[in-house]
$ cat entry-v6.cif   # mmCIF, C-alpha atoms (C1' of nucleotides)
data_protein
loop_
_atom_site.group_PDB
_atom_site.id
_atom_site.type_symbol
_atom_site.label_atom_id
_atom_site.label_comp_id
_atom_site.auth_asym_id
_atom_site.auth_seq_id
_atom_site.Cartn_x
_atom_site.Cartn_y
_atom_site.Cartn_z
ATOM 1 C CA MET A 899 -78.601 19.515 80.032
ATOM 2 C CA LYS A 900 -79.645 15.948 80.632
ATOM 3 C CA ILE A 901 -82.430 14.157 78.849
ATOM 4 C CA GLY A 902 -85.002 14.587 81.598
ATOM 5 C CA GLU A 903 -84.702 18.318 81.581
ATOM 6 C CA LEU A 904 -84.864 18.545 77.807
ATOM 7 C CA SER A 905 -87.953 16.420 77.941
ATOM 8 C CA ARG A 906 -89.564 18.760 80.449
ATOM 9 C CA ARG A 907 -88.599 21.824 78.452
ATOM 10 C CA THR A 908 -89.839 20.580 75.117
ATOM 11 C CA GLY A 909 -92.692 18.371 76.131
ATOM 12 C CA VAL A 910 -91.222 15.487 74.179
ATOM 13 C CA SER A 911 -90.993 12.234 76.099
ATOM 14 C CA VAL A 912 -87.647 10.827 77.090
ATOM 15 C CA ARG A 913 -88.487 7.779 75.062
ATOM 16 C CA MET A 914 -88.961 9.845 71.928
ATOM 17 C CA LEU A 915 -85.821 11.871 72.459
ATOM 18 C CA ARG A 916 -83.836 8.671 72.463
ATOM 19 C CA TYR A 917 -85.789 7.475 69.472
ATOM 20 C CA TYR A 918 -84.975 10.637 67.528
ATOM 21 C CA GLU A 919 -81.359 9.919 68.166
ATOM 22 C CA GLY A 920 -81.679 6.366 66.963
ATOM 23 C CA GLU A 921 -83.271 7.655 63.791
ATOM 24 C CA GLY A 922 -80.429 10.056 63.189
ATOM 25 C CA LEU A 923 -82.305 13.281 63.903
ATOM 26 C CA LEU A 924 -80.316 14.193 66.950
ATOM 27 C CA ALA A 925 -76.727 13.580 68.040
ATOM 28 C CA PRO A 926 -76.153 14.832 71.557
ATOM 29 C CA GLY A 927 -72.755 14.595 73.210
ATOM 30 C CA ARG A 928 -72.127 12.314 76.128
ATOM 31 C CA THR A 929 -70.814 12.944 79.585
ATOM 32 C CA GLU A 930 -67.971 10.820 80.869
ATOM 33 C CA SER A 931 -70.426 8.536 82.529
ATOM 34 C CA GLY A 932 -72.395 8.045 79.340
ATOM 35 C CA TYR A 933 -75.301 10.392 79.940
ATOM 36 C CA ARG A 934 -76.643 12.244 76.952
ATOM 37 C CA ASP A 935 -75.736 15.910 77.085
ATOM 38 C CA TYR A 936 -77.931 18.340 75.172
ATOM 39 C CA GLY A 937 -77.196 21.962 74.385
ATOM 40 C CA PRO A 938 -79.370 24.821 73.136
ATOM 41 C CA ALA A 939 -78.807 23.769 69.536
ATOM 42 C CA GLU A 940 -80.305 20.382 70.263
ATOM 43 C CA GLU A 941 -83.215 21.993 72.011
ATOM 44 C CA ASN A 942 -83.911 24.046 68.923
ATOM 45 C CA THR A 943 -83.732 20.989 66.784
ATOM 46 C CA VAL A 944 -86.228 19.191 68.966
ATOM 47 C CA ARG A 945 -88.598 22.131 68.670
ATOM 48 C CA ARG A 946 -88.266 22.016 64.901
ATOM 49 C CA ILE A 947 -88.883 18.315 64.836
ATOM 50 C CA LYS A 948 -91.990 18.871 66.875
ATOM 51 C CA MET A 949 -93.308 21.468 64.467
ATOM 52 C CA LEU A 950 -92.628 19.427 61.373
ATOM 53 C CA GLY A 951 -94.177 16.453 63.080
ATOM 54 C CA ALA A 952 -97.255 18.530 63.822
ATOM 55 C CA ALA A 953 -97.406 19.152 60.106
ATOM 56 C CA GLY A 954 -97.860 15.443 59.640
ATOM 57 C CA MET A 955 -94.375 14.541 58.547
ATOM 58 C CA THR A 956 -92.739 11.219 59.079
ATOM 59 C CA LEU A 957 -89.523 11.252 61.098
ATOM 60 C CA GLU A 958 -87.764 9.972 58.009
ATOM 61 C CA THR A 959 -88.976 12.954 56.027
ATOM 62 C CA ILE A 960 -88.035 15.293 58.814
ATOM 63 C CA ARG A 961 -84.603 13.758 58.911
ATOM 64 C CA ARG A 962 -84.051 14.614 55.288
ATOM 65 C CA LEU A 963 -85.360 18.084 55.856
ATOM 66 C CA LEU A 964 -83.550 18.977 59.048
ATOM 67 C CA PRO A 965 -80.163 19.975 57.619
ATOM 68 C CA CYS A 966 -81.987 22.572 55.547
ATOM 69 C CA VAL A 967 -83.906 23.985 58.443
ATOM 70 C CA THR A 968 -81.202 24.034 61.065
ATOM 71 C CA SER A 969 -80.404 27.682 60.771
ATOM 72 C CA ASP A 970 -77.355 27.276 62.987
ATOM 73 C CA ASP A 971 -75.574 25.388 60.305
ATOM 74 C CA PRO A 972 -73.739 27.327 57.613
ATOM 75 C CA ALA A 973 -75.888 25.199 55.325
ATOM 76 C CA PHE A 974 -73.341 24.101 52.767
ATOM 77 C CA ARG A 975 -76.062 23.046 50.466
ATOM 78 C CA PRO A 976 -78.662 25.647 49.634
ATOM 79 C CA CYS A 977 -81.053 22.752 50.034
ATOM 80 C CA ASN A 978 -82.572 22.623 46.636
ATOM 81 C CA ASP A 979 -84.591 19.772 47.978
ATOM 82 C CA LEU A 980 -86.395 21.788 50.579
ATOM 83 C CA ARG A 981 -89.046 23.172 48.282
ATOM 84 C CA ARG A 982 -89.401 19.874 46.518
ATOM 85 C CA ILE A 983 -89.923 17.891 49.697
ATOM 86 C CA LEU A 984 -92.358 20.405 51.118
ATOM 87 C CA ALA A 985 -94.373 20.465 47.927
ATOM 88 C CA GLN A 986 -94.315 16.703 47.865
ATOM 89 C CA GLN A 987 -95.660 16.597 51.403
ATOM 90 C CA VAL A 988 -98.440 18.976 50.525
ATOM 91 C CA SER A 989 -99.591 16.858 47.639
ATOM 92 C CA LEU A 990 -99.329 13.772 49.784
ATOM 93 C CA ILE A 991 -101.690 15.373 52.244
ATOM 94 C CA ASP A 992 -103.949 16.413 49.408
ATOM 95 C CA GLU A 993 -104.168 12.812 48.302
ATOM 96 C CA ARG A 994 -105.167 11.712 51.745
ATOM 97 C CA ILE A 995 -107.775 14.392 52.029
ATOM 98 C CA GLN A 996 -109.122 13.417 48.651
ATOM 99 C CA SER A 997 -109.343 9.821 49.708
ATOM 100 C CA LEU A 998 -111.087 10.688 52.940
ATOM 101 C CA SER A 999 -113.536 12.931 51.140
ATOM 102 C CA GLN A 1000 -114.374 10.051 48.889
ATOM 103 C CA SER A 1001 -115.028 7.852 51.907
ATOM 104 C CA ARG A 1002 -117.102 10.576 53.397
ATOM 105 C CA THR A 1003 -119.237 10.766 50.302
ATOM 106 C CA ILE A 1004 -119.817 7.036 50.323
ATOM 107 C CA LEU A 1005 -120.786 7.043 53.979
ATOM 108 C CA ALA A 1006 -123.035 10.038 53.614
ATOM 109 C CA GLY A 1007 -124.714 8.161 50.779
ATOM 110 C CA TYR A 1008 -125.360 5.176 53.018
ATOM 111 C CA LEU A 1009 -126.587 7.445 55.736
ATOM 112 C CA SER A 1010 -129.121 9.189 53.574
ATOM 113 C CA SER A 1011 -130.272 5.892 52.057
ATOM 114 C CA VAL A 1012 -131.079 4.677 55.538
ATOM 115 C CA ASN A 1013 -133.307 7.647 56.092
ATOM 116 C CA MET B 480 -117.584 -22.856 47.061
ATOM 117 C CA LYS B 481 -114.073 -23.084 48.431
ATOM 118 C CA ILE B 482 -111.975 -20.185 49.575
ATOM 119 C CA GLY B 483 -109.913 -19.865 46.421
ATOM 120 C CA GLU B 484 -112.951 -19.396 44.243
ATOM 121 C CA LEU B 485 -114.501 -16.878 46.592
ATOM 122 C CA SER B 486 -111.259 -14.997 46.551
ATOM 123 C CA ARG B 487 -111.247 -14.904 42.764
ATOM 124 C CA ARG B 488 -114.876 -13.839 42.595
ATOM 125 C CA THR B 489 -114.614 -11.047 45.137
ATOM 126 C CA GLY B 490 -111.065 -9.893 44.653
ATOM 127 C CA VAL B 491 -110.353 -10.330 48.352
ATOM 128 C CA SER B 492 -107.224 -12.296 49.145
ATOM 129 C CA VAL B 493 -107.451 -15.710 50.700
ATOM 130 C CA ARG B 494 -105.484 -14.352 53.608
ATOM 131 C CA MET B 495 -108.067 -11.675 54.265
ATOM 132 C CA LEU B 496 -111.010 -14.028 53.929
ATOM 133 C CA ARG B 497 -109.552 -16.119 56.699
ATOM 134 C CA TYR B 498 -108.840 -12.982 58.657
ATOM 135 C CA TYR B 499 -112.454 -11.809 58.348
ATOM 136 C CA GLU B 500 -113.477 -15.098 59.835
ATOM 137 C CA GLY B 501 -111.057 -14.739 62.702
ATOM 138 C CA GLU B 502 -112.492 -11.312 63.404
ATOM 139 C CA GLY B 503 -116.002 -12.689 63.479
ATOM 140 C CA LEU B 504 -117.252 -11.119 60.254
ATOM 141 C CA LEU B 505 -117.748 -14.363 58.427
ATOM 142 C CA ALA B 506 -118.675 -17.872 59.543
ATOM 143 C CA PRO B 507 -118.554 -20.279 56.621
ATOM 144 C CA GLY B 508 -119.422 -23.934 57.043
ATOM 145 C CA ARG B 509 -116.836 -26.639 56.743
ATOM 146 C CA THR B 510 -116.637 -29.709 54.564
ATOM 147 C CA GLU B 511 -115.916 -33.052 56.167
ATOM 148 C CA SER B 512 -112.267 -32.620 55.453
ATOM 149 C CA GLY B 513 -112.186 -29.217 57.093
ATOM 150 C CA TYR B 514 -112.281 -26.976 54.045
ATOM 151 C CA ARG B 515 -114.191 -23.744 54.391
ATOM 152 C CA ASP B 516 -117.405 -23.851 52.400
ATOM 153 C CA TYR B 517 -118.902 -20.543 51.297
ATOM 154 C CA GLY B 518 -122.378 -19.977 49.893
ATOM 155 C CA PRO B 519 -123.962 -17.006 48.098
ATOM 156 C CA ALA B 520 -124.853 -15.372 51.409
ATOM 157 C CA GLU B 521 -121.210 -15.322 52.387
ATOM 158 C CA GLU B 522 -120.269 -13.899 49.036
ATOM 159 C CA ASN B 523 -122.706 -11.057 49.577
ATOM 160 C CA THR B 524 -121.311 -10.435 52.975
ATOM 161 C CA VAL B 525 -117.799 -10.219 51.598
ATOM 162 C CA ARG B 526 -118.963 -7.699 49.009
ATOM 163 C CA ARG B 527 -120.530 -5.610 51.760
ATOM 164 C CA ILE B 528 -117.410 -5.779 53.835
ATOM 165 C CA LYS B 529 -115.431 -4.600 50.849
ATOM 166 C CA MET B 530 -117.710 -1.621 50.352
ATOM 167 C CA LEU B 531 -117.724 -0.576 53.965
ATOM 168 C CA GLY B 532 -113.987 -1.012 54.015
ATOM 169 C CA ALA B 533 -113.715 1.241 50.982
ATOM 170 C CA ALA B 534 -115.586 3.796 53.052
ATOM 171 C CA GLY B 535 -112.695 3.738 55.460
ATOM 172 C CA MET B 536 -114.205 1.627 58.181
ATOM 173 C CA THR B 537 -112.286 -0.554 60.544
ATOM 174 C CA LEU B 538 -113.144 -4.241 60.464
ATOM 175 C CA GLU B 539 -114.296 -3.894 64.031
ATOM 176 C CA THR B 540 -116.749 -1.180 63.038
ATOM 177 C CA ILE B 541 -117.905 -3.210 60.094
ATOM 178 C CA ARG B 542 -118.451 -6.168 62.363
ATOM 179 C CA ARG B 543 -120.824 -4.166 64.493
ATOM 180 C CA LEU B 544 -122.595 -2.891 61.429
ATOM 181 C CA LEU B 545 -122.920 -6.120 59.461
ATOM 182 C CA PRO B 546 -125.974 -7.609 61.158
ATOM 183 C CA CYS B 547 -127.872 -4.475 60.201
ATOM 184 C CA VAL B 548 -126.827 -4.572 56.602
ATOM 185 C CA THR B 549 -127.210 -8.247 55.884
ATOM 186 C CA SER B 550 -130.538 -7.998 54.147
ATOM 187 C CA ASP B 551 -130.896 -11.779 54.125
ATOM 188 C CA ASP B 552 -131.456 -11.779 57.830
ATOM 189 C CA PRO B 553 -134.933 -11.128 59.186
ATOM 190 C CA ALA B 554 -133.105 -8.455 61.145
ATOM 191 C CA PHE B 555 -134.524 -8.984 64.580
ATOM 192 C CA ARG B 556 -133.270 -5.660 65.672
ATOM 193 C CA PRO B 557 -134.281 -2.706 63.575
ATOM 194 C CA CYS B 558 -130.685 -1.674 64.116
ATOM 195 C CA ASN B 559 -131.144 1.557 65.897
ATOM 196 C CA ASP B 560 -127.410 1.735 65.935
ATOM 197 C CA LEU B 561 -126.987 1.853 62.209
ATOM 198 C CA ARG B 562 -127.598 5.552 61.805
ATOM 199 C CA ARG B 563 -125.607 6.321 64.904
ATOM 200 C CA ILE B 564 -122.575 4.365 63.806
ATOM 201 C CA LEU B 565 -122.666 5.773 60.303
ATOM 202 C CA ALA B 566 -122.960 9.325 61.591
ATOM 203 C CA GLN B 567 -120.169 8.634 64.013
ATOM 204 C CA GLN B 568 -117.971 7.425 61.178
ATOM 205 C CA VAL B 569 -118.703 10.502 59.151
ATOM 206 C CA SER B 570 -117.671 12.801 61.937
ATOM 207 C CA LEU B 571 -114.588 10.696 62.532
ATOM 208 C CA ILE B 572 -113.614 11.243 58.927
ATOM 209 C CA ASP B 573 -114.389 14.906 59.287
ATOM 210 C CA GLU B 574 -111.997 15.112 62.185
ATOM 211 C CA ARG B 575 -109.259 13.504 60.164
ATOM 212 C CA ILE B 576 -109.840 15.798 57.254
ATOM 213 C CA GLN B 577 -109.761 18.752 59.582
ATOM 214 C CA SER B 578 -106.486 17.588 61.044
ATOM 215 C CA LEU B 579 -104.969 17.066 57.635
ATOM 216 C CA SER B 580 -106.132 20.460 56.459
ATOM 217 C CA GLN B 581 -104.424 21.975 59.429
ATOM 218 C CA SER B 582 -101.210 20.187 58.528
ATOM 219 C CA ARG B 583 -101.614 21.347 54.989
ATOM 220 C CA THR B 584 -101.908 24.917 56.094
ATOM 221 C CA ILE B 585 -98.781 24.660 58.185
ATOM 222 C CA LEU B 586 -96.815 23.126 55.349
ATOM 223 C CA ALA B 587 -98.080 25.606 52.822
ATOM 224 C CA GLY B 588 -96.932 28.296 55.221
ATOM 225 C CA TYR B 589 -93.447 26.852 55.321
ATOM 226 C CA LEU B 590 -93.449 26.522 51.584
ATOM 227 C CA SER B 591 -94.328 30.115 50.935
ATOM 228 C CA SER B 592 -91.854 31.328 53.551
ATOM 229 C CA VAL B 593 -89.124 29.546 51.635
ATOM 230 C CA ASN B 594 -90.047 31.438 48.499
ATOM 231 C "C1'" DG C 1226 -72.779 5.161 103.441
ATOM 232 C "C1'" DT C 1227 -77.414 5.098 102.019
ATOM 233 C "C1'" DA C 1228 -81.502 6.196 99.620
ATOM 234 C "C1'" DA C 1229 -84.023 8.611 96.201
ATOM 235 C "C1'" DG C 1230 -84.093 9.909 91.659
ATOM 236 C "C1'" DC C 1231 -82.155 9.994 87.280
ATOM 237 C "C1'" DT C 1232 -79.880 7.691 83.334
ATOM 238 C "C1'" DC C 1233 -78.360 3.775 80.432
ATOM 239 C "C1'" DT C 1234 -79.516 -0.196 77.023
ATOM 240 C "C1'" DG C 1235 -82.405 -3.562 75.063
ATOM 241 C "C1'" DA C 1236 -86.586 -5.638 74.293
ATOM 242 C "C1'" DC C 1237 -91.684 -6.463 74.141
ATOM 243 C "C1'" DA C 1238 -96.306 -4.620 73.066
ATOM 244 C "C1'" DG C 1239 -99.951 -2.570 70.381
ATOM 245 C "C1'" DC C 1240 -102.549 -0.117 66.739
ATOM 246 C "C1'" DG C 1241 -105.036 -2.399 61.783
ATOM 247 C "C1'" DC C 1242 -104.042 -4.648 57.893
ATOM 248 C "C1'" DT C 1243 -101.597 -7.679 54.811
ATOM 249 C "C1'" DG C 1244 -98.069 -10.624 52.738
ATOM 250 C "C1'" DT C 1245 -95.539 -14.731 53.121
ATOM 251 C "C1'" DC C 1246 -93.473 -18.892 54.703
ATOM 252 C "C1'" DA C 1247 -93.441 -23.514 56.825
ATOM 253 C "C1'" DG C 1248 -95.151 -28.072 57.564
ATOM 254 C "C1'" DG C 1249 -98.708 -30.922 56.448
ATOM 255 C "C1'" DG C 1250 -103.403 -32.719 54.725
ATOM 256 C "C1'" DT C 1251 -106.850 -33.189 50.527
ATOM 257 C "C1'" DC C 1252 -108.631 -33.562 45.975
ATOM 258 C "C1'" DA C 1253 -108.807 -34.415 41.121
ATOM 259 C "C1'" DA C 1254 -106.875 -35.911 36.846
ATOM 260 C "C1'" DG C 1255 -103.779 -38.832 34.451
ATOM 261 C "C1'" DC D 316 -100.356 -44.365 42.566
ATOM 262 C "C1'" DT D 317 -98.389 -40.078 41.618
ATOM 263 C "C1'" DT D 318 -98.435 -35.327 40.728
ATOM 264 C "C1'" DG D 319 -99.959 -30.671 40.867
ATOM 265 C "C1'" DA D 320 -103.170 -27.551 42.600
ATOM 266 C "C1'" DC D 321 -105.553 -26.347 46.501
ATOM 267 C "C1'" DC D 322 -106.584 -26.135 51.477
ATOM 268 C "C1'" DC D 323 -105.392 -26.095 56.611
ATOM 269 C "C1'" DT D 324 -103.115 -23.825 60.841
ATOM 270 C "C1'" DG D 325 -99.817 -21.037 63.056
ATOM 271 C "C1'" DA D 326 -96.438 -17.724 63.162
ATOM 272 C "C1'" DC D 327 -93.273 -13.915 61.680
ATOM 273 C "C1'" DA D 328 -92.790 -9.375 59.409
ATOM 274 C "C1'" DG D 329 -93.622 -4.600 58.488
ATOM 275 C "C1'" DC D 330 -95.621 0.097 58.468
ATOM 276 C "C1'" DG D 331 -94.548 4.580 62.252
ATOM 277 C "C1'" DC D 332 -94.867 5.803 66.675
ATOM 278 C "C1'" DT D 333 -95.050 5.254 71.611
ATOM 279 C "C1'" DG D 334 -95.420 3.324 76.231
ATOM 280 C "C1'" DT D 335 -93.407 0.410 79.547
ATOM 281 C "C1'" DC D 336 -90.613 -2.882 81.888
ATOM 282 C "C1'" DA D 337 -86.270 -5.000 83.405
ATOM 283 C "C1'" DG D 338 -81.664 -5.003 85.035
ATOM 284 C "C1'" DA D 339 -77.988 -2.083 86.101
ATOM 285 C "C1'" DG D 340 -75.030 2.140 86.715
ATOM 286 C "C1'" DC D 341 -74.667 7.262 88.123
ATOM 287 C "C1'" DT D 342 -75.556 11.304 90.988
ATOM 288 C "C1'" DT D 343 -76.922 14.055 94.666
ATOM 289 C "C1'" DA D 344 -78.082 15.232 99.075
ATOM 290 C "C1'" DC D 345 -78.644 13.849 103.723
#

$ encode --input "entry-v6.cif" --output "structure tokens"
Amino acid sequence: MKIGELSRRTGVSVRMLRYYEGEGLLAPGRTESGYRDYGPAEENTVRRIKMLGAAGMTLETIRRLLPCVTSDDPAFRPCNDLRRILAQQVSLIDERIQSLSQSRTILAGYLSSVN
Amino acid sequence: MKIGELSRRTGVSVRMLRYYEGEGLLAPGRTESGYRDYGPAEENTVRRIKMLGAAGMTLETIRRLLPCVTSDDPAFRPCNDLRRILAQQVSLIDERIQSLSQSRTILAGYLSSVN
DNA sequence: GTAAGCTCTGACAGCGCTGTCAGGGTCAAG
DNA sequence: CTTGACCCTGACAGCGCTGTCAGAGCTTAC
């Protein structure tokens, strides 16, 4: 299918689909005339990217993770990294939450001091 | 005092002190030769900016808040907005935390499904 | 053949903050 | 007077993602 259709099916903008490709997350074939040509595998990948993105991951992180998650691949590597990266992401999020909580505390302090 | 000294005293980079000014948070006088000239009031202001910034506020938000906090001013307006803005900031942080927690849950799910 | 609609590439913009560099004055001490 | 330290302005860069525009080719249906 062409990029417009994939966009409609996945809800990811055409712009972003091209961007994914530029970032090495997607590698669709091309028609003779140069149009990107996506298959079901690519559609799956886009869905996965979307999910991981929803989990707050950077495209760069997703890129490293994708080969592990793409169940269509024979997965040469058992992806020892998968667990490590996921765990890393979780603690990264924990740090952010911690930091925000701290900010929250400070603000709440101001707020109560204002009466 | 000149900008370098203020920077040393407050721990805020020269770059940022100039930036604060550009954003309308600070309005130091100028010497004849055009050097910025900061007094104790400005130093206080910078300290306040630092604190509010540590609470996760945008400079724009801080700008709106500053006139309320600058205790040196007679404070024409009783700053009805102060409470409102602070509360608003708190709920903004809450939203972010919520969003991160959601991401965390998703990731933790992935992690456990990987075993 | 023509027009509408889709695709292509490449580039600019913006969010909020910060560093850094360039080109050029100023000030203080020797 | 010269030198080194400091200041000035203005502009570019980068983070990560996204929209949008321009200029041009392809496709499809009438």

$ resolve_selection --input "entry-v6.cif" --expression "the PyMOL selection byres ((chain A) within 10 of (chain D))" --output "PDB file with C-alpha atoms, in the frame of the given file"
ATOM      1  CA  SER A 911     -90.993  12.234  76.099  1.00  0.00           C
ATOM      2  CA  ARG A 913     -88.487   7.779  75.062  1.00  0.00           C
ATOM      3  CA  MET A 914     -88.961   9.845  71.928  1.00  0.00           C
ATOM      4  CA  TYR A 917     -85.789   7.475  69.472  1.00  0.00           C
ATOM      5  CA  SER A 931     -70.426   8.536  82.529  1.00  0.00           C
ATOM      6  CA  GLY A 932     -72.395   8.045  79.340  1.00  0.00           C
ATOM      7  CA  TYR A 933     -75.301  10.392  79.940  1.00  0.00           C
ATOM      8  CA  THR A 956     -92.739  11.219  59.079  1.00  0.00           C
ATOM      9  CA  LEU A 957     -89.523  11.252  61.098  1.00  0.00           C
ATOM     10  CA  GLU A 958     -87.764   9.972  58.009  1.00  0.00           C
TER      11      GLU A 958
END

$ resolve_selection --input "entry-v6.cif" --expression "the PyMOL selection byres ((chain A) within 12 of (chain C))" --output "list in words"
Lys900, Ile901, Gly902, Glu903, Val912, Arg913, Arg916, Arg928, Thr929, Ser931, Gly932, Tyr933, Arg934 and Asp935 of chain A

$ resolve_selection --input "entry-v6.cif" --expression "the PyMOL selection byres ((chain A) within 12 of (chain B))" --output "PyMOL selection string"
chain A and resi 946+949-955+963+966-967+976-1013

$ atom_distance --input "entry-v6.cif" --atom1 "atom CA of A:Gly937" --atom2 "atom CA of A:Gly909"
16.0 Å

$ atom_distance --input "entry-v6.cif" --atom1 "atom CA of B:Arg543" --atom2 "atom CA of B:Ser486"
23.0 Å

$ atom_distance --input "entry-v6.cif" --atom1 "atom CA of A:Arg945" --atom2 "atom CA of A:Thr908"
6.7 Å
